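Here is my_file-v5.cif, consisting of mmCIF, C-alpha atoms:
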data_my_file
loop_
_atom_site.label_atom_id
_atom_site.label_comp_id
_atom_site.auth_asym_id
_atom_site.auth_seq_id
_atom_site.Cartn_x
_atom_site.Cartn_y
_atom_site.Cartn_z
CA GLY A 2 35.45 -78.57 -49.32
CA ILE A 3 38.90 -77.84 -48.03
CA GLN A 4 40.06 -79.93 -45.08
CA VAL A 5 42.07 -78.45 -42.22
CA GLU A 6 43.85 -80.73 -39.79
CA GLN A 7 45.61 -79.57 -36.67
CA SER A 8 48.01 -81.50 -34.50
CA PRO A 9 48.40 -82.40 -31.78
CA PRO A 10 44.80 -82.18 -30.53
CA ASP A 11 45.99 -81.74 -26.96
CA LEU A 12 49.28 -80.55 -25.54
CA ILE A 13 50.37 -80.23 -21.93
CA LEU A 14 53.54 -78.30 -21.16
CA GLN A 15 55.48 -77.19 -18.16
CA GLU A 16 55.94 -73.44 -17.91
CA GLY A 17 59.04 -72.38 -19.80
CA ALA A 18 58.90 -75.15 -22.38
CA ASN A 19 58.74 -74.63 -26.14
CA SER A 20 56.14 -76.10 -28.48
CA THR A 21 55.21 -76.42 -32.12
CA LEU A 22 51.65 -76.63 -33.38
CA ARG A 23 50.94 -77.81 -36.90
CA CYS A 24 48.19 -77.07 -39.42
CA ASN A 25 47.82 -79.06 -42.64
CA PHE A 26 45.36 -78.11 -45.34
CA SER A 27 44.15 -80.01 -48.34
CA ASP A 28 44.16 -77.39 -51.10
CA SER A 29 45.69 -74.08 -52.07
CA VAL A 30 44.43 -71.16 -50.02
CA ASN A 31 44.34 -67.40 -50.29
CA ASN A 32 44.76 -66.66 -46.61
CA LEU A 33 45.74 -68.39 -43.41
CA GLN A 34 45.36 -67.14 -39.86
CA TRP A 35 46.21 -68.44 -36.41
CA PHE A 36 43.89 -67.65 -33.51
CA HIS A 37 44.01 -68.14 -29.78
CA GLN A 38 40.71 -68.73 -28.02
CA ASN A 39 40.84 -67.79 -24.37
CA PRO A 40 38.78 -69.53 -21.67
CA TRP A 41 36.00 -66.97 -22.13
CA GLY A 42 35.60 -67.83 -25.80
CA GLN A 43 37.20 -64.76 -27.31
CA LEU A 44 39.15 -65.50 -30.48
CA ILE A 45 42.28 -63.40 -30.76
CA ASN A 46 44.06 -63.04 -34.06
CA LEU A 47 47.69 -64.09 -33.62
CA PHE A 48 49.01 -64.11 -37.15
CA TYR A 49 47.75 -63.38 -40.61
CA ILE A 50 50.21 -65.50 -42.56
CA PRO A 51 49.29 -66.83 -46.01
CA SER A 52 52.99 -67.47 -46.60
CA GLY A 53 56.40 -66.85 -45.09
CA THR A 54 57.42 -66.33 -41.49
CA LYS A 55 56.33 -63.82 -38.88
CA GLN A 56 57.31 -63.28 -35.28
CA ASN A 57 55.57 -61.51 -32.45
CA GLY A 58 57.38 -61.76 -29.13
CA ARG A 59 57.51 -65.37 -27.97
CA LEU A 60 55.29 -66.50 -30.83
CA SER A 61 56.24 -67.07 -34.41
CA ALA A 62 54.57 -68.71 -37.37
CA THR A 63 55.66 -70.14 -40.68
CA THR A 64 53.46 -71.05 -43.62
CA VAL A 65 54.76 -73.11 -46.55
CA ALA A 66 51.89 -72.63 -48.96
CA THR A 67 53.37 -74.91 -51.66
CA GLU A 68 53.46 -77.80 -49.19
CA ARG A 69 50.14 -76.87 -47.59
CA TYR A 70 51.10 -76.52 -43.98
CA SER A 71 51.69 -73.92 -41.33
CA LEU A 72 53.49 -74.08 -37.99
CA LEU A 73 52.96 -72.02 -34.87
CA TYR A 74 55.89 -71.86 -32.45
CA ILE A 75 55.50 -70.91 -28.82
CA SER A 76 58.71 -70.37 -26.90
CA SER A 77 59.16 -70.06 -23.13
CA SER A 78 55.49 -70.88 -22.59
CA GLN A 79 53.53 -69.19 -19.82
CA THR A 80 50.35 -70.23 -18.04
CA THR A 81 48.52 -67.42 -19.84
CA ASP A 82 49.25 -69.19 -23.15
CA SER A 83 46.75 -71.87 -22.16
CA GLY A 84 43.68 -72.16 -24.36
CA VAL A 85 42.78 -73.47 -27.77
CA TYR A 86 44.77 -72.53 -30.85
CA PHE A 87 42.96 -72.55 -34.18
CA CYS A 88 44.26 -72.45 -37.69
CA ALA A 89 41.85 -71.08 -40.30
CA VAL A 90 42.32 -71.08 -44.06
CA GLU A 91 40.43 -69.24 -46.75
CA ARG A 92 39.44 -70.04 -50.28
CA SER A 93 35.93 -68.68 -50.75
CA ASP A 94 35.34 -68.56 -47.01
CA MET A 95 37.35 -69.26 -43.86
CA ARG A 96 37.44 -72.85 -42.62
CA PHE A 97 38.77 -73.78 -39.22
CA GLY A 98 40.62 -76.77 -37.93
CA ALA A 99 39.46 -78.54 -34.78
CA GLY A 100 42.11 -76.77 -32.75
CA THR A 101 44.96 -77.68 -30.41
CA ARG A 102 44.13 -77.41 -26.72
CA LEU A 103 47.23 -76.20 -24.89
CA THR A 104 47.60 -76.43 -21.14
CA VAL A 105 50.64 -74.81 -19.56
CA LYS A 106 51.27 -75.89 -15.98
CA PRO A 107 53.16 -73.72 -13.49
CA GLU B 1 39.79 -54.93 -28.78
CA THR B 2 38.65 -56.16 -32.19
CA GLY B 3 36.03 -53.52 -32.94
CA VAL B 4 33.35 -56.19 -33.35
CA THR B 5 30.61 -56.25 -30.73
CA GLN B 6 27.91 -58.86 -30.33
CA SER B 7 24.70 -58.96 -28.34
CA PRO B 8 23.42 -60.55 -26.29
CA THR B 9 26.43 -62.28 -24.74
CA HIS B 10 24.33 -65.05 -23.23
CA LEU B 11 20.78 -66.19 -23.72
CA ILE B 12 18.56 -69.16 -22.99
CA LYS B 13 15.72 -70.27 -25.25
CA THR B 14 13.44 -73.26 -25.41
CA ARG B 15 13.07 -75.68 -28.29
CA GLY B 16 10.88 -74.32 -31.08
CA GLN B 17 11.49 -70.66 -30.28
CA GLN B 18 13.18 -68.13 -32.54
CA VAL B 19 16.29 -66.09 -31.75
CA THR B 20 17.99 -63.02 -33.23
CA LEU B 21 21.65 -62.35 -32.56
CA ARG B 22 23.22 -59.01 -33.41
CA CYS B 23 26.64 -57.84 -34.45
CA SER B 24 28.23 -54.47 -35.05
CA SER B 25 31.50 -54.38 -36.96
CA GLN B 26 34.09 -51.82 -37.90
CA SER B 27 33.46 -49.11 -40.43
CA GLY B 28 34.71 -50.16 -43.83
CA HIS B 29 34.45 -53.90 -43.14
CA ASN B 30 32.01 -54.78 -45.88
CA THR B 31 32.12 -58.51 -45.30
CA VAL B 32 30.61 -60.16 -42.26
CA SER B 33 30.43 -63.86 -41.55
CA TRP B 34 28.73 -65.91 -38.88
CA TYR B 35 30.12 -69.07 -37.32
CA GLN B 36 28.70 -71.64 -34.95
CA GLN B 37 31.07 -73.17 -32.42
CA ALA B 38 29.78 -76.17 -30.52
CA LEU B 39 31.52 -77.17 -27.32
CA GLY B 40 34.94 -78.68 -27.97
CA GLN B 41 34.88 -78.04 -31.70
CA GLY B 42 36.22 -75.48 -34.12
CA PRO B 43 33.98 -72.75 -35.53
CA GLN B 44 31.75 -73.89 -38.38
CA PHE B 45 30.92 -71.48 -41.19
CA ILE B 46 27.22 -70.56 -41.39
CA PHE B 47 27.14 -67.84 -44.03
CA GLN B 48 28.77 -64.69 -45.26
CA TYR B 49 27.35 -61.33 -46.32
CA TYR B 50 28.97 -58.77 -48.55
CA ARG B 51 27.37 -55.38 -49.04
CA GLU B 52 24.05 -56.61 -47.67
CA GLU B 53 23.80 -59.71 -49.82
CA GLU B 54 24.52 -63.32 -48.92
CA ASN B 55 27.51 -64.51 -50.94
CA GLY B 56 28.39 -67.81 -49.33
CA ARG B 57 26.76 -70.41 -47.13
CA GLY B 58 27.94 -73.43 -45.19
CA ASN B 59 26.07 -76.62 -44.47
CA PHE B 60 23.27 -75.11 -42.40
CA PRO B 61 19.50 -75.42 -42.99
CA PRO B 62 17.34 -72.50 -44.21
CA ARG B 63 16.05 -71.81 -40.71
CA PHE B 64 19.40 -70.09 -40.22
CA SER B 65 19.09 -66.72 -41.95
CA GLY B 66 20.79 -63.39 -41.80
CA LEU B 67 20.75 -59.74 -42.65
CA GLN B 68 23.45 -57.15 -43.14
CA PHE B 69 22.72 -53.44 -42.89
CA PRO B 70 24.44 -50.40 -44.44
CA ASN B 71 25.72 -49.26 -41.04
CA TYR B 72 28.02 -52.34 -40.75
CA SER B 73 25.67 -54.15 -38.40
CA SER B 74 24.22 -57.57 -39.04
CA GLU B 75 21.86 -60.15 -37.63
CA LEU B 76 21.70 -63.91 -37.40
CA ASN B 77 18.20 -65.35 -37.08
CA VAL B 78 17.47 -68.93 -36.15
CA ASN B 79 13.93 -70.27 -36.33
CA ALA B 80 12.45 -73.40 -34.78
CA LEU B 81 15.35 -73.82 -32.36
CA GLU B 82 16.64 -77.32 -31.70
CA LEU B 83 18.68 -78.59 -28.77
CA ASP B 84 21.73 -78.99 -31.05
CA ASP B 85 21.64 -75.29 -31.82
CA SER B 86 23.16 -74.70 -28.40
CA ALA B 87 26.55 -73.18 -29.18
CA LEU B 88 28.69 -70.07 -29.24
CA TYR B 89 27.77 -67.93 -32.25
CA LEU B 90 30.58 -65.80 -33.57
CA CYS B 91 30.38 -62.77 -35.81
CA VAL B 92 33.43 -62.02 -37.90
CA SER B 93 34.17 -58.98 -39.98
CA THR B 94 36.80 -58.89 -42.68
CA SER B 95 39.10 -56.01 -43.39
CA GLY B 96 38.56 -54.96 -46.97
CA SER B 97 42.17 -53.86 -47.29
CA THR B 98 44.05 -56.79 -45.72
CA GLY B 99 41.59 -59.69 -45.59
CA GLU B 100 42.21 -60.20 -41.89
CA LEU B 101 39.37 -61.52 -39.75
CA PHE B 102 38.20 -59.84 -36.58
CA PHE B 103 36.00 -61.81 -34.21
CA GLY B 104 33.39 -60.61 -31.79
CA GLU B 105 33.25 -62.15 -28.33
CA GLY B 106 30.31 -64.30 -29.32
CA SER B 107 26.78 -64.95 -28.19
CA ARG B 108 26.37 -68.11 -26.16
CA LEU B 109 22.99 -69.68 -26.88
CA THR B 110 21.53 -72.43 -24.75
CA VAL B 111 18.43 -74.23 -26.01
CA LEU B 112 16.48 -76.18 -23.40
#
Kindly transcribe the structure held in the file into structure tokens.
Amino acid sequence: GIQVEQSPPDLILQEGANSTLRCNFSDSVNNLQWFHQNPWGQLINLFYIPSGTKQNGRLSATTVATERYSLLYISSSQTTDSGVYFCAVERSDMRFGAGTRLTVKP
Amino acid sequence: ETGVTQSPTHLIKTRGQQVTLRCSSQSGHNTVSWYQQALGQGPQFIFQYYREEENGRGNFPPRFSGLQFPNYSSELNVNALELDDSALYLCVSTSGSTGELFFGEGSRLTVL
């Protein structure tokens, strides 16, 4: 099946810093989404981005489908950004990466 | 608010028992999937239902089964529970128009 790799696995930032999270996938996909999982386990859809670039406030994402990767940018990070960020890709079903655990310190 | 609700939110079972987890998704979301998320890992695909029929399955044994109903609700049943079944179980509905996924808050199962 399709492989999804996320990097880095863990990231610790000081509040206000910027960061880039990466998602590589092993085959062509129909869809790609980024999710944030809060400490209570709720998965929140950040971006639905099979290709191109989207921005939503301090967050933006870029997917280069031909090169099989996607990037999630977080600017001016806040403590509330802490949690695990997942990339999920779809061919016949959605497959998730192992996630990047982000900790933002005040 | 994702429009996907799951119940119960937490439950404790003992090894060998059976469990039923429930999910209610948005009207018009004909596809529902179930995922298992063990501690510290990403969600793992269990199976997917489309219009009340299973149309995809991950690497899970037959004791994991499901149902989807016409009213956009669904169930995940697990028989003969094992300790390793302890996890967060996530229900996901898919928008038929956009393909976006919407997650419920999950049911956290502990098997003792």
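Between atom CA of B:Ser65 and atom CA of A:Gly42 the interatomic distance comes to 23.1 Å.
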Legend entry - Residue among B:Ser97, B:Leu90, B:Ser73, B:Arg108 lying closest to B:Pro43, counting all atoms listed in the file: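 The answer is B:Leu90, which sits nearest to B:Pro43.
Among the candidate residues B:Thr98, B:Leu88, B:Trp34, B:Ile46, the one lying nearest to A:Asn31 is B:Thr98, with distances computed using all atoms listed in the file.
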Inset, instruction - Measure the distance from atom CA of A:Ser77 to atom CA of A:Leu103 in Å and round it to one decimal. - result: 13.5 Å
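Contacts from chain A to chain B at a cut-off of 6 Å (only C-alpha atoms) map to Gln43, Phe97, Gly98 and Ala99 of chain A.
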Legend entry - Interatomic distance, atom CA of A:Gln15 to atom CA of A:Pro107 (Å, one decimal):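 One can read the atom CA of A:Gln15 to atom CA of A:Pro107 distance as 6.3 Å.
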Inset, instruction - Please provide as a PyMOL selection string all residues within 10 Å of B:Val78, with the sequence filter that same-chain residues fewer than 6 positions apart are discarded (counting all atoms listed in the file). - result: chain B and resi 16-21+61-66+85
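With distances taken from (45.7, -71.2, -24.4) and restricted to all atoms listed in the file, the residues inside 6 Å are Asn39, Asp82, Ser83, Gly84, Val85 and Leu103 of chain A.
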Legend entry - Residue neighbourhood A:Ser71, 12 Å, only C-alpha atoms, exclusion window fewer than 6 positions, as an NGL selection string: :A and (5-8 or 21-27 or 30 or 32-35 or 48-55 or 61-65 or 87-90 or 98)
Generate a file of the selected residues that holds C-alpha atoms, formatted as a compact mmCIF listing (two decimals), in the coordinates of the input.
# COMPACT_ATOMS: atom_id res chain seq x y z
CA VAL A 5 42.07 -78.45 -42.22
CA GLU A 6 43.85 -80.73 -39.79
CA GLN A 7 45.61 -79.57 -36.67
CA SER A 8 48.01 -81.50 -34.50
CA THR A 21 55.21 -76.42 -32.12
CA LEU A 22 51.65 -76.63 -33.38
CA ARG A 23 50.94 -77.81 -36.90
CA CYS A 24 48.19 -77.07 -39.42
CA ASN A 25 47.82 -79.06 -42.64
CA PHE A 26 45.36 -78.11 -45.34
CA SER A 27 44.15 -80.01 -48.34
CA VAL A 30 44.43 -71.16 -50.02
CA ASN A 32 44.76 -66.66 -46.61
CA LEU A 33 45.74 -68.39 -43.41
CA GLN A 34 45.36 -67.14 -39.86
CA TRP A 35 46.21 -68.44 -36.41
CA PHE A 48 49.01 -64.11 -37.15
CA TYR A 49 47.75 -63.38 -40.61
CA ILE A 50 50.21 -65.50 -42.56
CA PRO A 51 49.29 -66.83 -46.01
CA SER A 52 52.99 -67.47 -46.60
CA GLY A 53 56.40 -66.85 -45.09
CA THR A 54 57.42 -66.33 -41.49
CA LYS A 55 56.33 -63.82 -38.88
CA SER A 61 56.24 -67.07 -34.41
CA ALA A 62 54.57 -68.71 -37.37
CA THR A 63 55.66 -70.14 -40.68
CA THR A 64 53.46 -71.05 -43.62
CA VAL A 65 54.76 -73.11 -46.55
CA PHE A 87 42.96 -72.55 -34.18
CA CYS A 88 44.26 -72.45 -37.69
CA ALA A 89 41.85 -71.08 -40.30
CA VAL A 90 42.32 -71.08 -44.06
CA GLY A 98 40.62 -76.77 -37.93
Inset, instruction - Can you pull out every residue within 7 Å of B:Asn30, counting only C-alpha atoms, but drop anything in the same chain fewer than 5 positions away, and send it as JSON, numbers by chain? - result: {"B": [50, 51, 72, 96]}
Inset, instruction - Step by step, work through what the PyMOL selection byres ((chain B and resi 27) around 12) selects in the shown file, and finish by giving those residues as a PyMOL selection string. - result: chain B and resi 3-4+24-26+28-32+69-73+93-96
Inset, instruction - Using all atoms listed in the file, find the one residue out of A:Thr81, A:Tyr86, A:Ala66, A:Ser76 that sits nearest to A:Leu44. - result: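 Of A:Thr81, A:Tyr86, A:Ala66, A:Ser76, the one nearest A:Leu44 is A:Tyr86, counting all atoms listed in the file.
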Legend entry - Residue nearest A:Tyr74 - candidates A:Leu12, A:Ser20, A:Trp41, A:Thr101, atoms counted: only C-alpha atoms: A:Ser20
Inset, instruction - For A:Lys106, list every protein, DNA or RNA residue within 9 Å, evaluated using all atoms listed in the file, and leave out those in the same chain fewer than 2 positions away; present the list as a list in words. - result: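 In the requested format, the answer is Ile13, Leu14, Gln15, Glu16, Gln79, Thr80, Ser83 and Thr104 of chain A.
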Legend entry - Nearby residues (only C-alpha atoms) at most 6 Å from A:Ile75, same-chain spacing under 4 positions excluded, as number ranges by chain: A: 19-20, 59-60
Produce a file of the selected residues containing C-alpha atoms, as a JSON list (two decimals), in the frame of the given file.
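Output below, filename again.json:
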[["chain", "number", "residue", "atom", "x", "y", "z"],
["A", 19, "ASN", "CA", 58.74, -74.63, -26.14],
["A", 20, "SER", "CA", 56.14, -76.10, -28.48],
["A", 59, "ARG", "CA", 57.51, -65.37, -27.97],
["A", 60, "LEU", "CA", 55.29, -66.50, -30.83]]
Legend entry - Closest of B:Glu53, B:Ala80, B:Tyr89, B:Gln68 to B:Ser7 - atom-to-atom distances counting all atoms listed in the file: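 Of B:Glu53, B:Ala80, B:Tyr89, B:Gln68, the one nearest B:Ser7, counting all atoms listed in the file, is B:Tyr89.
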